[in-house]
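Chemist: Provided herewith: model-v9.txt, compact mmCIF, C-alpha atoms.
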```
# COMPACT_ATOMS: atom_id res chain seq x y z
CA MET A 16 2.30 25.26 14.54
CA PRO A 17 -1.07 25.00 12.74
CA ALA A 18 -4.15 23.80 14.62
CA SER A 19 -4.80 20.10 14.15
CA THR A 20 -7.97 20.82 12.18
CA ASP A 21 -5.93 22.91 9.72
CA LEU A 22 -3.48 20.11 8.98
CA PRO A 23 -3.92 18.11 5.78
CA GLU A 24 -6.11 15.09 6.48
CA LEU A 25 -5.16 11.74 4.99
CA VAL A 26 -7.98 9.22 4.79
CA SER A 27 -6.19 5.91 4.51
CA LEU A 28 -6.40 2.18 5.05
CA GLN A 29 -3.62 0.86 7.27
CA VAL A 30 -3.23 -2.39 5.35
CA SER A 31 -3.33 -0.75 1.89
CA PRO A 32 -0.05 -0.45 -0.08
CA TRP A 33 -1.48 2.60 -1.88
CA SER A 34 -2.07 4.32 1.46
CA LEU A 35 1.46 3.35 2.47
CA LYS A 36 2.82 5.12 -0.64
CA ALA A 37 0.96 8.33 0.27
CA ARG A 38 2.03 8.26 3.92
CA TRP A 39 5.63 7.65 2.92
CA ALA A 40 5.69 10.61 0.52
CA LEU A 41 4.26 12.94 3.18
CA LYS A 42 6.73 11.70 5.79
CA HIS A 43 9.63 12.01 3.34
CA HIS A 44 8.91 15.71 3.08
CA SER A 45 8.22 16.15 6.84
CA ILE A 46 4.68 17.34 6.11
CA GLN A 47 2.51 17.30 9.20
CA TYR A 48 -0.84 15.66 8.63
CA ARG A 49 -3.60 13.92 10.53
CA THR A 50 -4.90 10.47 9.67
CA THR A 51 -8.50 9.32 9.43
CA PRO A 52 -8.76 5.51 9.25
CA HIS A 53 -10.96 4.14 6.49
CA ALA A 54 -13.20 1.09 6.85
CA PRO A 55 -13.48 -0.86 3.58
CA VAL A 56 -16.96 -0.89 1.99
CA ILE A 57 -18.71 0.64 5.01
CA GLY A 58 -16.54 3.76 4.95
CA ASP A 59 -17.27 4.30 1.25
CA TYR A 60 -20.66 5.84 2.07
CA LYS A 61 -19.07 8.52 4.24
CA LEU A 62 -16.47 9.26 1.56
CA ARG A 63 -19.18 9.72 -1.06
CA TRP A 64 -20.82 12.31 1.13
CA ARG A 65 -17.53 14.14 1.74
CA LEU A 66 -16.59 14.07 -1.94
CA TRP A 67 -20.11 14.68 -3.24
CA LYS A 68 -19.53 11.73 -5.53
CA TRP A 69 -22.65 9.59 -5.82
CA THR A 70 -21.65 7.36 -8.73
CA GLY A 71 -18.49 5.52 -9.69
CA LYS A 72 -15.83 4.17 -7.38
CA VAL A 73 -14.37 5.88 -4.32
CA THR A 74 -10.98 4.71 -3.08
CA VAL A 75 -8.35 5.67 -0.56
CA PRO A 76 -5.93 7.27 0.07
CA ILE A 77 -7.48 10.71 -0.18
CA LEU A 78 -5.75 13.87 1.00
CA PHE A 79 -8.00 16.71 2.12
CA VAL A 80 -6.16 20.04 2.15
CA LYS A 81 -7.93 23.15 3.38
CA GLY A 82 -8.89 25.40 0.48
CA GLN A 83 -8.02 22.81 -2.18
CA ALA A 84 -9.86 20.09 -4.04
CA PRO A 85 -9.39 16.62 -2.54
CA ILE A 86 -6.42 14.68 -3.92
CA THR A 87 -7.69 11.20 -4.66
CA ASP A 88 -4.68 9.26 -5.96
CA SER A 89 -1.53 8.16 -4.15
CA THR A 90 0.77 9.34 -6.95
CA ASP A 91 -0.96 12.74 -7.06
CA ILE A 92 -0.52 12.98 -3.28
CA ALA A 93 3.21 12.30 -3.74
CA ARG A 94 3.43 14.99 -6.44
CA TRP A 95 1.67 17.41 -4.08
CA ALA A 96 4.14 16.51 -1.32
CA ASP A 97 7.04 17.20 -3.69
CA SER A 98 5.78 20.73 -4.25
CA HIS A 99 4.99 21.40 -0.55
CA SER A 100 8.09 19.98 1.13
CA CYS A 101 8.75 21.06 4.71
CA ARG A 102 12.20 19.47 4.90
CA SER A 103 15.23 21.40 3.75
CA GLY A 104 17.30 19.42 1.27
CA ALA A 105 14.73 16.66 0.78
CA GLU A 106 15.32 14.72 -2.43
CA PRO A 107 12.52 15.26 -4.96
CA LEU A 108 10.52 12.07 -5.36
CA PHE A 109 10.02 12.89 -9.03
CA PRO A 110 13.49 14.02 -10.22
CA GLY A 111 13.62 16.48 -13.09
CA GLY A 112 13.69 14.74 -16.44
CA GLN A 113 12.65 11.39 -14.96
CA VAL A 114 8.98 11.97 -14.17
CA GLU A 115 7.75 9.65 -16.92
CA GLU A 116 10.20 6.96 -15.87
CA VAL A 117 8.89 7.19 -12.31
CA ARG A 118 5.33 6.91 -13.62
CA ARG A 119 6.35 3.79 -15.53
CA TRP A 120 7.41 2.23 -12.24
CA VAL A 121 4.06 3.24 -10.73
CA THR A 122 2.40 1.15 -13.45
CA LEU A 123 4.72 -1.79 -12.75
CA SER A 124 3.94 -1.49 -9.05
CA ASP A 125 0.23 -1.65 -9.81
CA ASP A 126 0.77 -4.78 -11.93
CA VAL A 127 2.03 -6.52 -8.79
CA LEU A 128 -0.48 -4.96 -6.41
CA PHE A 129 -3.55 -5.64 -8.56
CA TYR A 130 -2.55 -9.29 -8.84
CA GLY A 131 -1.93 -9.53 -5.10
CA ARG A 132 -5.17 -7.78 -4.17
CA ARG A 133 -7.07 -10.17 -6.43
CA GLN A 134 -5.58 -13.18 -4.62
CA LEU A 135 -6.37 -11.66 -1.22
CA ALA A 136 -9.96 -10.87 -2.26
CA GLU A 137 -10.48 -14.41 -3.50
CA LEU A 138 -9.06 -15.81 -0.25
CA ALA A 139 -11.46 -13.65 1.78
CA LEU A 140 -14.40 -15.06 -0.18
CA VAL A 141 -13.61 -18.64 0.91
CA ASP A 142 -11.98 -18.18 4.33
CA PRO A 143 -14.24 -16.82 7.13
CA ALA A 144 -11.31 -16.19 9.47
CA VAL A 145 -9.54 -14.01 6.89
CA ARG A 146 -12.55 -11.87 6.01
CA ALA A 147 -13.46 -11.41 9.69
CA ARG A 148 -10.07 -9.77 10.38
CA TYR A 149 -10.90 -6.95 7.97
CA LEU A 150 -14.09 -6.03 9.85
CA PRO A 151 -14.30 -3.06 12.23
CA ARG A 152 -14.27 -4.22 15.84
CA PHE A 153 -17.86 -3.23 16.56
CA ILE A 154 -19.12 -5.51 13.78
CA ARG A 155 -17.11 -8.45 15.14
CA ARG A 156 -19.44 -8.34 18.17
CA LEU A 157 -22.54 -9.24 16.12
CA GLY A 158 -22.28 -12.92 16.95
CA PRO A 159 -23.86 -15.18 14.30
CA LEU A 160 -24.36 -12.20 11.98
CA THR A 161 -20.64 -11.42 11.88
CA ASP A 162 -19.72 -13.78 9.06
CA TRP A 163 -22.81 -12.81 7.04
CA VAL A 164 -21.69 -9.18 7.18
CA ALA A 165 -18.08 -10.17 6.47
CA LEU A 166 -19.08 -12.22 3.42
CA TRP A 167 -21.27 -9.38 2.15
CA GLY A 168 -18.31 -7.01 2.54
CA ALA A 169 -15.90 -9.43 0.83
CA ARG A 170 -18.26 -9.75 -2.13
CA ARG A 171 -18.70 -5.99 -2.37
CA PHE A 172 -14.93 -5.50 -2.20
CA ALA A 173 -14.30 -8.06 -4.95
CA ALA A 174 -16.97 -6.46 -7.15
CA LYS A 175 -15.55 -2.98 -6.55
CA TYR A 176 -12.18 -3.95 -7.97
CA ALA A 177 -13.43 -6.44 -10.59
CA ARG A 178 -12.12 -4.38 -13.51
CA GLU A 179 -8.57 -4.14 -12.12
CA SER A 180 -8.66 -7.80 -11.07
CA GLY A 181 -9.81 -8.84 -14.54
CA GLY A 182 -6.86 -7.02 -16.08
CA SER A 183 -4.34 -8.42 -13.62
CA SER A 184 -2.32 -11.54 -14.21
CA LYS A 185 0.47 -13.57 -12.74
CA GLU A 186 2.48 -12.91 -15.91
CA LYS A 187 2.27 -9.12 -15.44
CA ALA A 188 3.25 -9.40 -11.78
CA LEU A 189 6.21 -11.66 -12.56
CA ALA A 190 7.39 -9.39 -15.37
CA ALA A 191 7.26 -6.34 -13.08
CA LEU A 192 9.23 -8.09 -10.34
CA GLU A 193 11.78 -9.35 -12.85
CA GLU A 194 12.24 -5.80 -14.08
CA LEU A 195 12.77 -4.64 -10.50
CA ARG A 196 15.38 -7.35 -9.98
CA SER A 197 17.21 -6.30 -13.16
CA ALA A 198 17.15 -2.60 -12.21
CA LEU A 199 18.53 -3.32 -8.75
CA GLN A 200 21.23 -5.58 -10.12
CA ARG A 201 22.33 -2.76 -12.43
CA SER A 202 22.49 -0.32 -9.51
CA LYS A 203 24.13 -2.92 -7.22
CA PHE A 204 20.97 -2.88 -5.09
CA SER A 205 21.16 0.86 -4.45
CA TYR A 206 18.12 2.64 -5.92
CA ILE A 207 15.95 1.99 -8.96
CA LEU A 208 16.90 5.19 -10.77
CA GLY A 209 20.57 4.91 -9.88
CA ASP A 210 22.13 6.62 -6.88
CA LYS A 211 19.18 8.65 -5.52
CA PHE A 212 16.03 7.70 -3.66
CA SER A 213 12.81 8.44 -5.56
CA TYR A 214 9.12 7.61 -5.68
CA ALA A 215 10.06 4.64 -7.89
CA ASP A 216 11.67 3.07 -4.81
CA ILE A 217 8.60 3.81 -2.73
CA VAL A 218 6.14 2.22 -5.15
CA MET A 219 8.20 -0.91 -5.70
CA ALA A 220 8.91 -1.31 -1.98
CA ALA A 221 5.14 -1.10 -1.54
CA ALA A 222 4.64 -3.66 -4.32
CA LEU A 223 6.83 -6.09 -2.40
CA GLN A 224 4.15 -6.08 0.31
CA MET A 225 2.53 -8.74 -1.86
CA VAL A 226 5.71 -10.83 -1.76
CA LEU A 227 5.95 -10.50 2.03
CA PRO A 228 4.49 -7.69 4.18
CA VAL A 229 7.04 -5.51 5.93
CA GLY A 230 4.66 -5.31 8.90
CA PRO A 231 4.65 -2.91 11.88
CA PRO A 232 5.65 -0.20 12.50
CA TYR A 233 5.43 0.62 8.81
CA SER A 234 2.13 -1.02 7.93
CA ALA A 235 -0.44 -3.47 9.20
CA SER A 236 0.05 -7.16 8.50
CA LEU A 237 -2.22 -8.91 6.01
CA ALA A 238 -5.00 -11.12 7.33
CA GLY A 239 -3.83 -14.10 5.31
CA ARG A 240 -1.33 -15.17 2.66
CA PRO A 241 -2.67 -16.93 -0.44
CA VAL A 242 -0.44 -19.68 -1.80
CA GLN A 243 0.10 -17.60 -4.96
CA LEU A 244 1.81 -14.88 -2.90
CA VAL A 245 3.89 -17.42 -0.99
CA GLU A 246 5.12 -18.57 -4.40
CA LEU A 247 6.20 -15.00 -5.19
CA GLU A 248 8.33 -14.98 -2.05
CA LYS A 249 10.07 -18.16 -3.18
CA GLN A 250 10.95 -16.52 -6.50
CA PHE A 251 11.76 -12.99 -5.35
CA GLY A 252 12.72 -13.27 -1.69
CA GLU A 253 16.18 -11.91 -2.57
CA LEU A 254 14.56 -8.49 -3.10
CA LEU A 255 13.26 -8.25 0.46
CA PRO A 256 16.55 -7.14 2.12
CA TRP A 257 16.65 -4.22 -0.33
CA ARG A 258 13.04 -3.38 0.56
CA ASP A 259 13.77 -3.57 4.28
CA ARG A 260 16.84 -1.34 3.93
CA VAL A 261 14.89 1.27 1.98
CA PHE A 262 12.24 1.35 4.71
CA LYS A 263 14.86 1.56 7.44
CA GLN A 264 16.80 4.38 5.79
CA HIS A 265 13.98 6.44 4.31
CA TRP A 266 10.87 6.00 6.45
CA PRO A 267 11.05 8.54 9.31
CA LEU A 268 10.22 6.85 12.60
CA GLU A 269 10.65 9.82 14.95
CA GLY A 270 13.62 8.46 16.84
CA LYS A 271 12.71 4.80 16.33
CA GLN A 272 14.86 4.17 13.28
CA GLY A 273 15.14 0.48 12.57
CA ALA A 274 12.35 -0.47 14.99
CA GLY A 275 10.79 -2.65 12.32
CA ALA A 276 13.70 -5.06 11.96
CA GLY A 277 12.35 -7.51 14.50
CA SER A 278 8.90 -7.48 12.94
CA GLN A 279 10.36 -8.12 9.49
CA GLN A 280 12.23 -11.14 10.82
CA GLY A 281 9.05 -12.32 12.53
CA GLN A 282 7.11 -12.01 9.30
CA ARG A 283 9.67 -14.16 7.51
CA GLN A 284 9.64 -16.77 10.27
CA GLN A 285 5.83 -16.84 10.11
CA ALA A 286 5.96 -17.24 6.32
CA ALA A 287 8.45 -20.10 6.67
CA GLY A 288 6.13 -21.80 9.13
CA GLN A 289 3.22 -21.48 6.73
CA ARG A 290 5.30 -23.07 3.96
CA GLU A 291 6.20 -25.97 6.24
CA LYS A 292 2.53 -26.53 7.05
CA ALA A 293 1.70 -26.53 3.36
CA THR A 294 4.23 -29.24 2.52
```
Rewrite the structure from the file as structure tokens, please.
Modeler:
Amino acid sequence: MPASTDLPELVSLQVSPWSLKARWALKHHSIQYRTTPHAPVIGDYKLRWRLWKWTGKVTVPILFVKGQAPITDSTDIARWADSHSCRSGAEPLFPGGQVEEVRRWVTLSDDVLFYGRRQLAELALVDPAVRARYLPRFIRRLGPLTDWVALWGARRFAAKYARESGGSSKEKALAALEELRSALQRSKFSYILGDKFSYADIVMAAALQMVLPVGPPYSASLAGRPVQLVELEKQFGELLPWRDRVFKQHWPLEGKQGAGAGSQQGQRQQAAGQREKAT
């Protein structure tokens, strides 16, 4: 077994759907790796130093592999995992002859995620309780300065992703989710590409985080739910059982298969309670 410092290092954000995609691809192929948590905005300065990138945007996930250039995109991390599988018989996430189709689903996933991230960023700008939950614990101890730092971070975060937010729209998100519904209806809610699990299923399961988070043990829960995302659940809630089944069957939990079922139910009950409060 390699020393822990020799293992690939994944810098990731627990609440990020893009980090979830990368973690899932690595787990699918039983690739051992170590995780370094990323702190939004504040952690960017450390990443710039590690990447020697002083201009432009730095984002996570990033996979650092000894002797190789850093891999700075979740889809590229999944492609790397496909070519370095440690699990005999693992299905390729990018099946031969369908790579471009998988990439098309990556784009559709981003259409949903960009729209959802925009709503979450806008909520953090107006809700002190929401933005405070994204702060590292040591900053939450700053007393009266806490919200000033949180608001500064929320503004920096919104500015960082302004280009993607500007290109996002409710129409794009709805069209992507409608296409997912149609694809699953054709496959009788099996898999997007037919009868085999692929990265297309991973990215669209991750996109459904914006409809309703799957929650622990798979990912962290969101700090808040904008009304726009609650509306998505009303329209596409029928897709969530498929998402939950894909997680249960294809996310290795090291002997804890299905441990997330209770948390999924809890998330839905919480969402229902929020809807009742809003009416």
Chemist: What is the atom CA of A:Leu247 to atom CA of A:Pro267 distance in Å?
Modeler: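 Going from atom CA of A:Leu247 over to atom CA of A:Pro267, I get 28.1 Å.
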Chemist: With distances taken over all atoms listed in the file, which of A:His265, A:Arg260, A:Arg119, A:Arg156 is nearest to A:Leu195?
Modeler: A:Arg119
Chemist: To one decimal in Å, tell me the separation between atom CA of A:Arg258 and atom CA of A:Ala220.
Modeler: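 Spanning atom CA of A:Arg258 to atom CA of A:Ala220 is a straight-line distance of 5.3 Å.
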Chemist: Between atom CA of A:Ala235 and atom CA of A:Arg102, what is the spacing in Å?
Modeler: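 Result for atom CA of A:Arg102 versus atom CA of A:Ala235: 26.5 Å, one decimal.
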Chemist: Given the point (2.1, 9.2, -0.2) in the coordinates of this file, which residues lie within 9 Å, counting all atoms listed in the file, and how would they look as a ChimeraX atom specification?
Modeler: /A:33-43,76,88-94,96,217
